[in-house]
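Engineer: Questions regarding the structure given below will be posed in turn.
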Amino acid sequence: MKTNTRETQNRTFVRFCLLLLAAVAVAAAVEPGVLPATWITGGPDCGAVPNWQIHQYNPTLYILRESGCTNYEKPFLYLFLGGERALLVDTGAGPIDTATQVLKLTAGKPLVAAHSHGHGDHVAGDKTFGEVVPATVEAQRKAFHIEDGVGSLDLGGRVLDILEIPGHQAAHLAYYDRQTGILLTGDHLYPGRLYVSDFEQYLASTRRLVEFTATRPVAHILGCHIEQSSTPFVDYPVGTKYQPKEHSLELGRAHLLELLAGLEAMKGKPARALFRDFTIWPR
């Protein structure tokens with residue numbers, strides 16, 4: 001009996017070591033980058049604040065933040081550079097000339113301009129581009145070859161997986177960059193008020209994200225806004241331009257699991273629920 005137990009323990013230990021080595025190998029393949037310690041918001045002196053803060057996460061990924069002096073939503077935009085073309089996720093809240101800023105960063109590569117979802121603070125800059133993928137379910141499925149809720153886009157040696165995640169808005173998408181391990185969740189998950197328009201869809205989409213990330217490295221989960229303050233459970237009121245003590249932009253997979261647990265705990269009865277780094281906010 002003791003021998004069998006020892007053999008079982010040995011086999012369990014070996015399996016654990018193999019899984020750990022596999023996880024380390026996957027993590028080592030993720031291209032690293034750097035996020036700023038703080039972001040510019042919208043003040044205190046709007047005359048001294050640029051319309052855009054442009055941060056180079058690494059040589060092939062830029063994060064742009066629109067100033068709160070331009071629009072209180074202060075959305076984040078993401079520009080990925082591949083070997084053959086570039087992808088911009090969202091075009092800004094306006095009134096703003098997004099294209100002028102973005103095209104300076106694409107190194108002349110053809111640009112695919114798309115969206116996290118179709119709300120006005122994410123599509124207002126569309127008119128500054130010659131062509132965009134409309135923020136509609138039909139157009140996105142065609143552009144990204146989405147079937148059964150999952151599609152992809154190859155930028156030339158750089159593939160992004162694209163998932164349909166309705167619930168906040170019908171045409172909502174998540175983007176997973178295999179190169180950096182970054183998952184963009186738009187307005188589905190970010191440090192702030194998570195507005196839920198369709199609870200059942202939102203719950204199903206959260207489960208899809210949890211399942212998808214279970215087998216992939218996630219360096220950061222990045223959304224489109226920061227509304228939470230650095231004080232736990234406290235957010236900035238709607239319309240705030242200047243947020244001197246705001247939460248960090250990046251979240252992790254643990255926040256995604258926390259979101260799912262919070263939704264499931266409601267047992268089909270949506271209710272507002274405060275968490276340390278976000279608030280579930282059914283509409």
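Residue numbering restarts at 1 for every chain of the structure tokens, chains are lettered A, B, ... in their displayed order, and ligands are numbered from 1 as they appear.
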Any chance you could list, as a PyMOL selection string, the residues in segment 47-153 of chain A that come up strand (DSSP E or B) when DSSP is run on the backbone?

Structural biologist: chain A and resi 52-58+61-66+76-81+86-89+111-114+147+150-153

Engineer: Can you pull out every residue within 8 Å of segment 155-161 of chain A, counting only C-alpha atoms, but drop anything in the same chain fewer than 5 positions away, and send it as an MDAnalysis selection string?

Structural biologist: chainID A and resid 81:87 150 175:179

Engineer: Just write the chosen residues, C-alpha atoms, as a CSV table (one decimal), in the first residue's frame.

Structural biologist:
```csv
chain,number,residue,atom,x,y,z
A,81,LEU,CA,1.4,46.9,-35.5
A,82,GLY,CA,1.9,43.7,-37.5
A,83,GLY,CA,4.3,42.8,-40.3
A,84,GLU,CA,1.8,43.8,-43.0
A,85,ARG,CA,-0.9,46.1,-41.5
A,86,ALA,CA,-2.0,47.7,-38.3
A,87,LEU,CA,-5.2,47.4,-36.2
A,150,VAL,CA,-15.0,33.6,-32.3
A,175,TYR,CA,-9.5,41.3,-28.6
A,176,TYR,CA,-6.8,38.9,-27.5
A,177,ASP,CA,-3.2,39.6,-28.8
A,178,ARG,CA,-1.3,36.4,-28.9
A,179,GLN,CA,2.0,38.4,-29.1
```

Engineer: From the set A:Ser67, A:Thr180, A:Thr213, A:Thr206, which residue has the shortest atom-to-atom contact distance to Val30 of chain A, counting only C-alpha atoms?

Structural biologist: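 Smallest distance to Val30 of chain A is found for A:Thr180.
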
Engineer: If we count only C-alpha atoms and set the cut-off at 8 Å, which residues sit around segment 193-204 of chain A, ignoring sequence neighbours fewer than 6 positions away in its own chain? Please answer as a PyMOL selection string.

Structural biologist: chain A and resi 165-169+187+227-228+235+260+263-264+268+270+278-283

Engineer: Emit the selected residues as an mmCIF file, in the first residue's frame, including N, CA and C atoms.

Structural biologist:
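The result, written out as selection_34.cif:
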```
data_model
loop_
_atom_site.group_PDB
_atom_site.id
_atom_site.type_symbol
_atom_site.label_atom_id
_atom_site.label_comp_id
_atom_site.auth_asym_id
_atom_site.auth_seq_id
_atom_site.Cartn_x
_atom_site.Cartn_y
_atom_site.Cartn_z
ATOM 1 N N ILE A 165 -18.757 39.426 -27.308
ATOM 2 C CA ILE A 165 -19.119 39.440 -25.878
ATOM 3 C C ILE A 165 -20.261 40.438 -25.639
ATOM 4 N N PRO A 166 -21.437 40.196 -26.217
ATOM 5 C CA PRO A 166 -22.566 41.102 -25.988
ATOM 6 C C PRO A 166 -23.014 41.080 -24.530
ATOM 7 N N GLY A 167 -23.776 42.090 -24.177
ATOM 8 C CA GLY A 167 -24.280 42.205 -22.811
ATOM 9 C C GLY A 167 -24.230 43.638 -22.352
ATOM 10 N N HIS A 168 -23.104 44.303 -22.633
ATOM 11 C CA HIS A 168 -23.022 45.755 -22.447
ATOM 12 C C HIS A 168 -23.642 46.445 -23.654
ATOM 13 N N GLN A 169 -23.307 45.925 -24.833
ATOM 14 C CA GLN A 169 -23.857 46.421 -26.094
ATOM 15 C C GLN A 169 -23.817 45.267 -27.090
ATOM 16 N N ASP A 187 -15.762 47.899 -22.715
ATOM 17 C CA ASP A 187 -16.556 48.336 -21.569
ATOM 18 C C ASP A 187 -17.155 47.167 -20.794
ATOM 19 N N GLU A 227 -12.690 54.721 -14.275
ATOM 20 C CA GLU A 227 -13.641 55.507 -13.481
ATOM 21 C C GLU A 227 -13.418 55.309 -11.992
ATOM 22 N N GLN A 228 -12.732 54.234 -11.654
ATOM 23 C CA GLN A 228 -12.475 53.914 -10.253
ATOM 24 C C GLN A 228 -11.348 54.794 -9.729
ATOM 25 N N ASP A 235 -15.588 55.331 -6.804
ATOM 26 C CA ASP A 235 -15.352 55.755 -8.179
ATOM 27 C C ASP A 235 -15.549 57.265 -8.303
ATOM 28 N N LEU A 260 -17.174 37.111 -12.726
ATOM 29 C CA LEU A 260 -18.048 35.965 -12.967
ATOM 30 C C LEU A 260 -18.703 35.497 -11.672
ATOM 31 N N LEU A 263 -21.502 37.865 -10.697
ATOM 32 C CA LEU A 263 -22.693 37.722 -11.534
ATOM 33 C C LEU A 263 -23.461 36.455 -11.177
ATOM 34 N N GLU A 264 -22.732 35.365 -10.998
ATOM 35 C CA GLU A 264 -23.396 34.099 -10.691
ATOM 36 C C GLU A 264 -24.078 34.140 -9.329
ATOM 37 N N GLY A 268 -29.531 35.173 -11.330
ATOM 38 C CA GLY A 268 -30.514 35.634 -12.303
ATOM 39 C C GLY A 268 -31.287 36.870 -11.905
ATOM 40 N N PRO A 270 -30.472 40.562 -11.375
ATOM 41 C CA PRO A 270 -29.450 41.614 -11.454
ATOM 42 C C PRO A 270 -29.606 42.664 -10.370
ATOM 43 N N PHE A 278 -14.175 47.505 -9.194
ATOM 44 C CA PHE A 278 -15.206 47.806 -10.177
ATOM 45 C C PHE A 278 -16.574 47.661 -9.520
ATOM 46 N N THR A 279 -17.601 48.110 -10.233
ATOM 47 C CA THR A 279 -18.981 47.960 -9.765
ATOM 48 C C THR A 279 -19.814 47.340 -10.864
ATOM 49 N N ILE A 280 -20.543 46.291 -10.548
ATOM 50 C CA ILE A 280 -21.514 45.738 -11.488
ATOM 51 C C ILE A 280 -22.755 46.623 -11.437
ATOM 52 N N TRP A 281 -23.182 47.129 -12.583
ATOM 53 C CA TRP A 281 -24.197 48.191 -12.619
ATOM 54 C C TRP A 281 -25.272 47.840 -13.645
ATOM 55 N N PRO A 282 -26.213 46.976 -13.316
ATOM 56 C CA PRO A 282 -27.285 46.628 -14.277
ATOM 57 C C PRO A 282 -28.135 47.846 -14.602
ATOM 58 N N ARG A 283 -28.567 47.901 -15.871
ATOM 59 C CA ARG A 283 -29.422 49.005 -16.307
ATOM 60 C C ARG A 283 -30.834 48.526 -16.510
#
```

Engineer: Counting only C-alpha atoms, which residues of segment 74-166 of chain A sit at most 8 Å from some atom of segment 44-63 of chain A, and what is each one's closest atom pair with its distance in Å to one decimal, listed by chain and rising residue number, as CSV?

Structural biologist:
```
residue,atom,partner,partner_atom,distance
A:Phe76,CA,A:Ile63,CA,6.8
A:Leu77,CA,A:Ile63,CA,5.8
A:Tyr78,CA,A:Ile63,CA,4.8
A:Leu79,CA,A:Tyr62,CA,5.1
A:Phe80,CA,A:Leu61,CA,4.8
A:Leu81,CA,A:Thr60,CA,4.9
A:Gly82,CA,A:Thr60,CA,7.3
```
